[in-house]
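Asks: Handing over entry21.csv, CSV, C-alpha atoms.
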chain,number,residue,atom,x,y,z
A,145,MET,CA,127.9,130.0,123.1
A,146,THR,CA,127.3,127.5,120.3
A,147,HIS,CA,129.3,127.6,117.0
A,148,HIS,CA,128.0,129.5,114.0
A,149,SER,CA,125.5,127.9,111.8
A,150,THR,CA,126.5,126.9,108.3
A,151,THR,CA,124.4,128.2,105.4
A,152,ASP,CA,123.2,124.7,104.7
A,153,GLU,CA,122.0,124.4,108.2
A,154,LEU,CA,120.2,127.7,107.9
A,155,ILE,CA,118.5,126.6,104.7
A,156,ASP,CA,117.4,123.3,106.3
A,157,TYR,CA,116.3,125.3,109.4
A,158,LEU,CA,114.3,127.7,107.2
A,159,HIS,CA,112.5,124.8,105.5
A,160,GLY,CA,111.8,123.1,108.8
A,161,GLU,CA,113.9,120.1,107.9
A,162,LEU,CA,116.2,119.7,110.9
A,163,ALA,CA,115.9,117.2,113.6
A,164,PRO,CA,114.2,118.7,116.7
A,165,ALA,CA,117.4,118.9,118.8
A,166,GLU,CA,119.3,120.6,116.0
A,167,ASP,CA,116.4,122.9,115.2
A,168,ALA,CA,116.2,124.0,118.8
A,169,ARG,CA,120.0,124.6,118.9
A,170,ILE,CA,119.9,126.8,115.9
A,171,HIS,CA,116.8,128.6,117.1
A,172,ALA,CA,118.6,129.4,120.4
A,173,HIS,CA,121.8,130.4,118.5
A,174,LEU,CA,119.9,132.8,116.2
A,175,LEU,CA,118.6,134.7,119.2
A,176,VAL,CA,122.1,135.6,120.3
A,177,CYS,CA,124.2,135.6,117.1
A,178,GLU,CA,123.6,138.6,114.9
A,179,THR,CA,125.8,137.3,112.1
A,180,CYS,CA,123.9,134.1,111.8
A,181,ARG,CA,120.6,135.8,112.2
A,182,ALA,CA,121.5,138.1,109.3
A,183,ALA,CA,122.5,135.1,107.2
A,184,TYR,CA,119.2,133.4,108.1
A,185,GLU,CA,117.2,136.5,107.2
A,186,ALA,CA,119.0,136.7,103.8
A,187,GLU,CA,118.0,133.1,103.1
A,188,ALA,CA,114.4,133.8,104.1
A,189,ARG,CA,114.3,136.9,101.9
A,190,LEU,CA,115.5,134.8,99.0
A,191,GLY,CA,112.6,132.4,99.5
A,192,GLU,CA,110.1,135.3,99.8
A,193,TRP,CA,111.5,136.8,96.6
A,194,LEU,CA,111.0,133.6,94.8
A,195,ARG,CA,107.4,133.2,96.0
A,196,GLY,CA,106.6,136.8,95.4
A,197,SER,CA,108.0,136.7,91.9
A,198,ALA,CA,106.1,133.5,91.2
A,199,ARG,CA,102.8,135.1,92.4
A,200,ALA,CA,103.5,138.3,90.3
A,201,ASP,CA,104.2,136.2,87.3
A,202,GLU,CA,101.4,133.7,87.7
A,203,ARG,CA,100.0,132.6,84.3
A,204,GLU,CA,96.5,131.6,83.4
A,205,LEU,CA,95.9,128.2,81.8
A,206,PRO,CA,96.0,128.9,78.0
A,207,ALA,CA,92.5,128.9,76.6
A,208,LEU,CA,92.9,126.2,74.1
A,209,LEU,CA,95.0,123.9,76.2
A,210,LYS,CA,92.1,122.0,77.7
A,211,ALA,CA,90.5,121.6,74.2
A,212,HIS,CA,93.7,120.2,72.9
A,213,VAL,CA,93.9,117.7,75.7
A,214,TRP,CA,90.4,116.5,75.0
A,215,GLU,CA,91.1,116.3,71.3
A,216,THR,CA,94.1,114.1,71.9
A,217,VAL,CA,92.3,111.9,74.5
A,218,ARG,CA,89.3,111.3,72.1
A,219,ALA,CA,91.7,110.4,69.4
A,220,GLN,CA,93.3,107.7,71.5
A,221,ARG,CA,92.1,104.1,71.6
A,222,PRO,CA,91.1,102.9,75.0
A,223,SER,CA,93.3,100.3,76.7
A,224,LEU,CA,92.3,96.6,76.7
A,225,GLY,CA,91.3,96.9,80.3
A,226,GLU,CA,89.0,99.8,79.6
A,227,ARG,CA,87.4,98.0,76.7
A,228,LEU,CA,86.8,95.0,78.9
A,229,ARG,CA,85.3,97.1,81.7
A,230,ALA,CA,83.1,98.8,79.2
A,231,ALA,CA,81.9,95.5,77.9
A,232,LEU,CA,81.0,94.4,81.4
A,233,ARG,CA,78.9,97.4,82.3
A,234,PRO,CA,75.9,96.7,84.5
A,235,ALA,CA,73.6,97.5,81.7
A,236,LEU,CA,74.9,94.3,80.0
A,237,LEU,CA,75.2,92.3,83.2
A,238,LEU,CA,71.5,92.1,83.9
A,239,PRO,CA,70.4,90.6,80.6
A,240,ALA,CA,73.4,88.3,80.7
A,241,GLY,CA,72.4,87.1,84.1
A,242,VAL,CA,68.9,86.4,83.0
A,243,ALA,CA,70.1,84.5,80.1
A,244,LEU,CA,72.4,82.4,82.3
A,245,ALA,CA,69.6,81.7,84.7
A,246,ALA,CA,67.4,80.5,81.8
A,247,VAL,CA,70.1,78.2,80.5
A,248,ALA,CA,70.7,76.8,84.0
A,249,PHE,CA,67.0,76.1,84.4
A,250,VAL,CA,67.0,74.1,81.2
A,251,VAL,CA,70.2,72.1,81.8
A,252,TYR,CA,69.4,71.4,85.5
A,253,PRO,CA,65.6,71.0,85.7
A,254,ALA,CA,63.8,71.0,89.1
A,255,GLY,CA,63.3,67.2,88.9
A,256,HIS,CA,67.0,66.9,89.8
A,257,ALA,CA,66.5,68.5,93.2
A,258,PRO,CA,67.8,66.4,96.1
A,259,GLY,CA,64.4,66.0,97.7
A,260,SER,CA,62.8,64.3,94.8
A,261,ALA,CA,65.4,61.6,94.0
A,262,PRO,CA,63.9,58.4,92.4
A,263,THR,CA,63.5,55.5,94.8
A,264,VAL,CA,64.7,51.9,94.2
A,265,ALA,CA,62.9,48.9,95.4
A,266,ALA,CA,64.7,47.1,98.3
A,267,SER,CA,64.6,43.8,96.6
A,268,TYR,CA,66.2,45.2,93.5
A,269,TYR,CA,69.0,46.7,95.6
A,270,LEU,CA,69.6,43.4,97.4
A,271,ASP,CA,69.6,41.4,94.2
A,272,GLU,CA,71.9,43.6,92.3
A,273,HIS,CA,74.4,44.4,95.0
A,274,ALA,CA,74.7,40.9,96.3
A,275,ALA,CA,75.7,39.8,92.9
A,276,GLU,CA,78.2,42.7,92.5
A,277,GLY,CA,79.7,42.0,95.9
A,278,GLN,CA,80.5,38.5,94.9
A,279,GLU,CA,82.1,39.6,91.7
A,280,ASN,CA,84.1,42.4,93.2
A,281,PRO,CA,86.7,41.3,95.7
A,282,LEU,CA,87.9,44.9,96.2
A,283,ALA,CA,84.6,46.1,97.5
A,284,ASP,CA,84.8,47.6,101.0
A,285,HIS,CA,81.9,45.7,102.4
A,286,PRO,CA,81.5,42.5,100.4
A,287,ILE,CA,78.0,41.3,100.5
A,288,THR,CA,79.0,37.7,100.1
A,289,ALA,CA,77.7,36.9,103.6
A,290,THR,CA,74.3,38.0,102.5
A,291,VAL,CA,74.0,35.9,99.4
A,292,ILE,CA,70.5,35.5,98.8
A,293,THR,CA,69.5,31.9,98.7
A,294,ALA,CA,66.4,30.0,97.6
A,295,SER,CA,65.6,29.5,101.3
A,296,ASP,CA,65.7,33.3,101.8
A,297,THR,CA,63.3,33.8,99.1
A,298,SER,CA,61.1,31.0,100.3
A,299,SER,CA,61.0,32.5,103.8
A,300,GLU,CA,59.8,35.8,102.3
A,301,ALA,CA,57.3,33.9,100.3
A,302,ALA,CA,56.1,31.8,103.2
A,303,PRO,CA,53.3,34.0,104.3
A,304,ASP,CA,51.7,33.5,101.0
A,305,GLY,CA,51.5,29.9,101.8
A,306,ASP,CA,53.5,28.9,98.7
A,307,ASP,CA,55.4,25.7,98.9
A,308,PRO,CA,59.1,26.1,98.9
A,309,GLY,CA,59.4,23.0,96.9
A,310,ASP,CA,57.7,24.8,94.0
A,311,HIS,CA,61.0,26.6,93.3
A,312,VAL,CA,63.0,23.3,93.0
A,313,ALA,CA,62.9,21.5,89.9
A,314,GLY,CA,61.3,18.1,90.4
A,315,PRO,CA,63.2,15.0,89.6
B,294,MET,CA,103.8,117.6,71.4
B,295,MET,CA,106.1,115.9,73.9
B,296,GLY,CA,106.3,112.2,74.4
B,297,VAL,CA,102.7,111.0,73.9
B,298,SER,CA,101.9,108.7,71.0
B,299,ARG,CA,98.6,108.8,69.2
B,300,GLU,CA,96.6,105.7,68.6
B,301,PRO,CA,93.5,104.8,66.6
B,302,ALA,CA,90.3,106.6,67.7
B,303,GLY,CA,88.0,105.4,70.4
B,304,PRO,CA,85.7,107.0,73.0
B,305,PRO,CA,87.1,107.9,76.4
B,306,SER,CA,85.7,106.0,79.3
B,307,GLU,CA,83.2,107.9,81.4
B,308,GLU,CA,85.1,107.5,84.6
B,309,ALA,CA,88.4,108.5,83.1
B,310,ALA,CA,86.8,111.4,81.4
B,311,ALA,CA,85.2,112.7,84.6
B,312,PHE,CA,88.6,112.3,86.4
B,313,LEU,CA,90.4,114.3,83.7
B,314,GLU,CA,87.7,117.0,83.6
B,315,ARG,CA,88.0,117.6,87.3
B,316,ALA,CA,91.8,117.4,87.3
B,317,ILE,CA,92.1,120.1,84.6
B,318,GLU,CA,89.5,122.3,86.3
B,319,GLN,CA,91.1,122.2,89.7
B,320,TYR,CA,94.7,121.9,89.0
B,321,GLY,CA,95.3,123.0,85.4
B,322,LYS,CA,96.6,126.4,86.3
B,323,ALA,CA,98.9,125.1,89.0
B,324,VAL,CA,100.3,122.5,86.7
B,325,TYR,CA,100.8,125.0,83.9
B,326,ASN,CA,102.6,127.4,86.2
B,327,PHE,CA,104.8,124.6,87.5
B,328,ALA,CA,105.6,123.6,83.9
B,329,PHE,CA,106.4,127.2,83.1
B,330,ARG,CA,108.8,127.5,86.0
B,331,LEU,CA,110.6,124.4,84.7
B,332,THR,CA,110.7,125.1,81.0
B,333,GLY,CA,111.0,128.9,81.1
B,334,ASN,CA,108.8,129.5,78.1
B,335,GLU,CA,105.1,129.3,77.4
B,336,ALA,CA,105.2,127.0,74.3
B,337,ASP,CA,107.1,124.2,76.1
B,338,ALA,CA,105.0,124.7,79.3
B,339,ARG,CA,101.8,124.3,77.2
B,340,ASP,CA,103.1,121.1,75.6
B,341,LEU,CA,104.3,119.8,78.9
B,342,THR,CA,101.0,120.5,80.6
B,343,GLN,CA,99.0,118.9,77.8
B,344,ASP,CA,101.1,115.8,77.9
B,345,ALA,CA,100.8,115.6,81.6
B,346,PHE,CA,97.1,115.7,81.6
B,347,ILE,CA,96.9,113.1,78.8
B,348,ARG,CA,99.1,110.9,81.0
B,349,VAL,CA,96.7,111.6,83.9
B,350,TYR,CA,93.9,110.4,81.7
B,351,ARG,CA,95.7,107.2,80.7
B,352,ALA,CA,97.0,106.5,84.2
B,353,TRP,CA,94.2,107.8,86.3
B,354,ARG,CA,93.6,104.4,88.0
B,355,SER,CA,97.1,104.4,89.4
B,356,PHE,CA,96.3,107.5,91.5
B,357,VAL,CA,95.8,106.6,95.1
B,358,PRO,CA,92.7,108.3,96.6
B,359,GLY,CA,93.5,110.2,99.7
B,360,THR,CA,97.0,111.2,98.5
B,361,SER,CA,98.0,114.5,97.0
B,362,PHE,CA,96.8,114.8,93.4
B,363,LEU,CA,99.1,117.7,92.9
B,364,SER,CA,102.2,115.8,94.0
B,365,TRP,CA,101.2,113.0,91.7
B,366,VAL,CA,100.7,115.2,88.7
B,367,TYR,CA,103.9,117.1,89.5
B,368,ARG,CA,105.8,113.8,89.4
B,369,ILE,CA,104.3,113.1,86.0
B,370,VAL,CA,105.4,116.6,84.8
B,371,THR,CA,108.8,116.1,86.3
B,372,ASN,CA,109.2,112.7,84.5
B,373,LEU,CA,107.9,114.0,81.2
B,374,TYR,CA,110.2,117.0,81.4
B,375,ARG,CA,113.2,114.8,82.2
B,376,ASP,CA,112.3,112.5,79.3
B,377,GLU,CA,112.0,115.5,76.9
B,378,LEU,CA,115.4,116.8,78.0
B,379,ARG,CA,116.9,113.4,77.4
B,380,ARG,CA,115.3,113.2,74.0
B,381,LYS,CA,116.4,116.7,73.0
B,382,LYS,CA,119.9,116.5,74.3
B,383,GLY,CA,120.6,112.8,74.2
B,384,ARG,CA,121.2,112.9,77.9
B,385,PHE,CA,119.9,114.7,80.9
B,386,LEU,CA,121.7,118.0,81.6
B,387,GLU,CA,124.5,117.9,84.1
B,388,GLU,CA,123.8,115.7,87.1
B,389,LEU,CA,125.1,117.2,90.3
B,390,PRO,CA,127.5,115.3,92.4
B,391,GLU,CA,125.7,113.7,95.3
B,392,ASP,CA,128.1,115.0,97.8
B,393,SER,CA,126.8,116.5,101.0
B,394,ALA,CA,129.7,118.9,101.6
B,395,ARG,CA,128.4,121.8,103.6
B,396,GLN,CA,128.7,125.4,102.4
B,397,ASP,CA,130.2,127.8,104.8
B,398,TYR,CA,130.4,131.5,104.5
B,399,GLY,CA,134.0,131.3,105.7
B,400,GLY,CA,135.5,134.7,106.0
B,401,GLU,CA,133.0,136.4,103.7
B,402,ARG,CA,129.8,136.7,105.6
B,403,PRO,CA,128.6,140.1,104.7
B,404,LEU,CA,124.9,139.6,105.2
B,405,ALA,CA,124.3,141.7,108.3
B,406,VAL,CA,123.5,144.3,105.7
B,407,ASP,CA,121.9,142.5,102.8
B,408,PRO,CA,123.0,144.1,99.5
B,409,ILE,CA,120.3,142.4,97.4
B,410,GLU,CA,117.3,143.3,99.5
B,411,ASP,CA,116.4,146.5,97.7
B,412,TYR,CA,117.0,144.9,94.4
B,413,MET,CA,114.7,142.0,95.2
B,414,ALA,CA,112.0,144.3,96.4
B,415,GLY,CA,111.7,146.0,93.1
B,416,GLN,CA,112.3,143.0,90.8
B,417,LEU,CA,109.5,140.5,90.6
B,418,GLY,CA,108.4,138.2,87.8
B,419,GLY,CA,110.8,138.1,84.9
B,420,PRO,CA,114.1,138.4,86.8
B,421,MET,CA,113.3,135.4,88.8
B,422,GLN,CA,112.5,133.4,85.7
B,423,LYS,CA,115.8,134.5,84.2
B,424,ALA,CA,117.6,133.5,87.4
B,425,LEU,CA,116.0,130.1,87.3
B,426,GLU,CA,117.3,129.6,83.8
B,427,HIS,CA,120.8,129.7,85.1
B,428,LEU,CA,120.2,126.6,87.2
B,429,SER,CA,120.3,123.1,86.0
B,430,PRO,CA,116.9,121.4,85.5
B,431,ASP,CA,117.3,119.4,88.7
B,432,GLN,CA,118.3,122.5,90.7
B,433,ARG,CA,115.4,124.4,89.1
B,434,GLN,CA,112.9,121.7,90.1
B,435,VAL,CA,114.1,121.6,93.6
B,436,ILE,CA,114.0,125.4,94.0
B,437,VAL,CA,110.5,125.6,92.6
B,438,LEU,CA,109.2,122.7,94.7
B,439,ALA,CA,110.9,123.7,97.9
B,440,ASP,CA,110.7,127.5,97.8
B,441,ILE,CA,107.7,128.3,95.6
B,442,GLU,CA,105.5,125.3,96.1
B,443,GLU,CA,106.8,124.8,99.6
B,444,TYR,CA,106.9,121.1,99.6
B,445,SER,CA,108.9,119.2,102.3
B,446,TYR,CA,112.2,117.5,101.3
B,447,GLN,CA,110.4,114.1,101.5
B,448,GLU,CA,107.7,115.2,99.2
B,449,ILE,CA,110.2,116.6,96.8
B,450,ALA,CA,112.2,113.3,96.9
B,451,ASP,CA,109.0,111.4,96.1
B,452,ILE,CA,108.1,113.7,93.2
B,453,MET,CA,111.6,113.7,91.7
B,454,GLY,CA,112.3,110.1,92.4
B,455,CYS,CA,115.5,110.7,94.4
B,456,SER,CA,116.7,110.6,98.0
B,457,ILE,CA,116.2,113.3,100.6
B,458,GLY,CA,120.0,113.7,100.7
B,459,THR,CA,120.0,114.5,97.0
B,460,VAL,CA,117.2,117.0,97.4
B,461,ARG,CA,119.1,118.7,100.3
B,462,SER,CA,122.3,118.8,98.3
B,463,ARG,CA,120.6,120.2,95.2
B,464,LEU,CA,118.7,122.8,97.2
B,465,HIS,CA,121.8,124.0,99.0
B,466,ARG,CA,123.7,124.4,95.7
B,467,ALA,CA,120.8,126.0,93.9
B,468,ARG,CA,120.4,128.5,96.6
B,469,ALA,CA,124.1,129.3,96.7
B,470,LEU,CA,124.0,129.8,92.9
B,471,LEU,CA,120.9,132.0,93.1
B,472,ARG,CA,122.4,134.2,95.8
B,473,ARG,CA,125.4,134.8,93.6
B,474,LEU,CA,123.3,135.5,90.5
B,475,VAL,CA,121.0,137.9,92.3
B,476,MET,CA,124.0,139.7,93.9
B,477,ARG,CA,125.8,140.0,90.6
B,478,ALA,CA,122.6,141.2,88.9
B,479,GLN,CA,122.1,143.7,91.6
B,480,ALA,CA,125.6,145.0,91.1
B,481,ARG,CA,125.0,145.4,87.4
B,482,ASN,CA,121.3,146.2,87.7
B,483,GLU,CA,120.4,143.3,85.5
B,484,LEU,CA,119.8,139.6,85.7
Just dump the structure as C-alpha cells.
Replies:
Amino acid sequence: MTHHSTTDELIDYLHGELAPAEDARIHAHLLVCETCRAAYEAEARLGEWLRGSARADERELPALLKAHVWETVRAQRPSLGERLRAALRPALLLPAGVALAAVAFVVYPAGHAPGSAPTVAASYYLDEHAAEGQENPLADHPITATVITASDTSSEAAPDGDDPGDHVAGP
Amino acid sequence: MMGVSREPAGPPSEEAAAFLERAIEQYGKAVYNFAFRLTGNEADARDLTQDAFIRVYRAWRSFVPGTSFLSWVYRIVTNLYRDELRRKKGRFLEELPEDSARQDYGGERPLAVDPIEDYMAGQLGGPMQKALEHLSPDQRQVIVLADIEEYSYQEIADIMGCSIGTVRSRLHRARALLRRLVMRAQARNEL
C-alpha cells in the first residue's frame, strides 16, 4: 500500500499537473484509500463550487463599455508607425510608382541602353591610347611597343599609292 | 480610468479598428467577468476591461496569430490590475513566500464526510465573490485562472508572468484558505 497523498498532491492531481508516474500512483491509491479519496472529492467539490458560482454570477458586458472604449481610441493619436503605414497605403503607392518611372525615363533615356553604345573609330583609339600608354608608366599594358610611327602610317597609306616621302619634310 | 493616458485626436487605423471590434465582440464578456472576479466590483471591472481593450488596440500587432487571444488579453488585464494596485497602495499587496512546503492534513482529515458540501450546493454567486475577496490578489488570480477558467499551470504562469512553482504554491495556499473560509462560513451560515 502506498502512503497517503498530501493535499497539495491531490490539488495537482485534480488539475492534471502531475508527472505521469506520480499521476498513476495517486490514481491507484485513490482506488483503495477511502480517506484520500474523500479528500480528493472535497477538493473537486471546491472547484465545482467555484465554477458553478461563477456561472451563476456571470455578468453581461456593460452596455456603454464598448462605446467608451471606442471614444477613447478615437481620441488617441495614432503611433508614428501607424501614421507611416497609413502614408504608404497602396492607393498612394501606385501614383508614386508611376511618377518614379517617369523620372527614371527622363534621367536615363533609352539612348543609354547597352546595345546602342556609341562607336569609336579604330584609328582614334590607337592614336589616343598609344600616346597615353607612353605617358602612363603605371598602365597595366603599356602600349609603348605599338608606338605608331610614320612608317606605320605609310604602310596604311601605301595602297593609295601615296609616296611615303610626302610625309617627310624635304631638305 | 485606470492607467491609460490620452493623447491628441487622430483616426484609428482600419486594421487596428477591425481587430478591436472583433476582440470586443468575441471576448468582451469573458474579459469583463475575469476583471470582475479580480476586482470584486463592477465599477473597477468596467474600468479594467476598458483599459484592457484600449491596450489591445494599441498593441494589437504584438498579438501572435495562432495563439490564444484570451490568454493574451488576460495577461494584459492581469498586468493592468497589478499596476493599478501598485498605484493605489504604493506597492503590490502581500507577496506570498515562494516556498513549496507541502500542506498535509496531519491528524485532522475529516473529509470522509464533507461538512461544507450542503452549504456549497445552496450558495452560488455572491458567497464565492466574498470568499475570493479574502484572498490576496495573486491568490485570487490563480484561483480564477486555475479553477474557473481552467487554465493549465503553464498557461497561468505565462499569463501572470511567474514560474510554474509559484503558480503551484499560490494555488495550494489559496485553496487551503478557501477551504477554511467556506467551512467557517458554513458553521456560521455566512461568508
Asks: Pick out the closest residue to chain B from this set: A:Cys177, A:Leu209, A:Ala172, A:Ala188. Count all atoms listed in the file.
Replies: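 Of the candidates, the smallest distance to chain B is held by A:Leu209.
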Asks: In Å, with one decimal, what is the gap from atom CA of Gly191 of chain A to atom CA of Arg463 of chain B?
Replies: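 About the pair atom CA of Gly191 of chain A and atom CA of Arg463 of chain B: they are 15.2 Å apart.
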Asks: Based on all atoms listed in the file, which of the residues in chain A come within 7 Å of chain B? I want them as a PyMOL selection string.
Replies: chain A and resi 150-152+179+182-183+186+191+193-198+200-205+209+213+217-222
Asks: If we count all atoms listed in the file, what is near Phe356 of chain B at a cut-off of 12 Å, once residues fewer than 3 positions away on the same chain are taken out, given as a PyMOL selection string?
Replies: chain B and resi 309+312-313+316+348-353+359-366+368-369
Asks: Could you dump the residues just selected with C-alpha atoms as a PDB file, keeping the file's coordinate frame?
Replies:
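Generated file (part-v8.pdb):
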ATOM      1  CA  ALA B 309      88.400 108.500  83.100  1.00  0.00           C
ATOM      2  CA  PHE B 312      88.600 112.300  86.400  1.00  0.00           C
ATOM      3  CA  LEU B 313      90.400 114.300  83.700  1.00  0.00           C
ATOM      4  CA  ALA B 316      91.800 117.400  87.300  1.00  0.00           C
ATOM      5  CA  ARG B 348      99.100 110.900  81.000  1.00  0.00           C
ATOM      6  CA  VAL B 349      96.700 111.600  83.900  1.00  0.00           C
ATOM      7  CA  TYR B 350      93.900 110.400  81.700  1.00  0.00           C
ATOM      8  CA  ARG B 351      95.700 107.200  80.700  1.00  0.00           C
ATOM      9  CA  ALA B 352      97.000 106.500  84.200  1.00  0.00           C
ATOM     10  CA  TRP B 353      94.200 107.800  86.300  1.00  0.00           C
ATOM     11  CA  GLY B 359      93.500 110.200  99.700  1.00  0.00           C
ATOM     12  CA  THR B 360      97.000 111.200  98.500  1.00  0.00           C
ATOM     13  CA  SER B 361      98.000 114.500  97.000  1.00  0.00           C
ATOM     14  CA  PHE B 362      96.800 114.800  93.400  1.00  0.00           C
ATOM     15  CA  LEU B 363      99.100 117.700  92.900  1.00  0.00           C
ATOM     16  CA  SER B 364     102.200 115.800  94.000  1.00  0.00           C
ATOM     17  CA  TRP B 365     101.200 113.000  91.700  1.00  0.00           C
ATOM     18  CA  VAL B 366     100.700 115.200  88.700  1.00  0.00           C
ATOM     19  CA  ARG B 368     105.800 113.800  89.400  1.00  0.00           C
ATOM     20  CA  ILE B 369     104.300 113.100  86.000  1.00  0.00           C
TER      21      ILE B 369
END
Asks: Measuring between all atoms listed in the file, which one of B:Val357, B:Gln319, B:Leu474, B:Tyr367 shows the shortest distance to Ala450 of chain B?
Replies: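 Result for the nearest residue to Ala450 of chain B: B:Tyr367.
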Asks: For a test of reading the model, state the distance in Å between atom CA of Leu341 of chain B and atom CA of Leu208 of chain A, rounded to one decimal.
Replies: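 So the answer is 13.9 Å.
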Asks: Which distance in Å separates atom CA of Ala467 of chain B and atom CA of Asp337 of chain B, to one decimal?
Replies: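 Between atom CA of Ala467 of chain B and atom CA of Asp337 of chain B the gap is 22.5 Å.
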Asks: For Glu161 of chain A, which residue out of B:Asp431, B:Ile457, B:Ala328, B:Ile452 is the nearest one, using all atoms listed in the file?
Replies: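 Of B:Asp431, B:Ile457, B:Ala328, B:Ile452, the one nearest Glu161 of chain A is B:Ile457, counting all atoms listed in the file.
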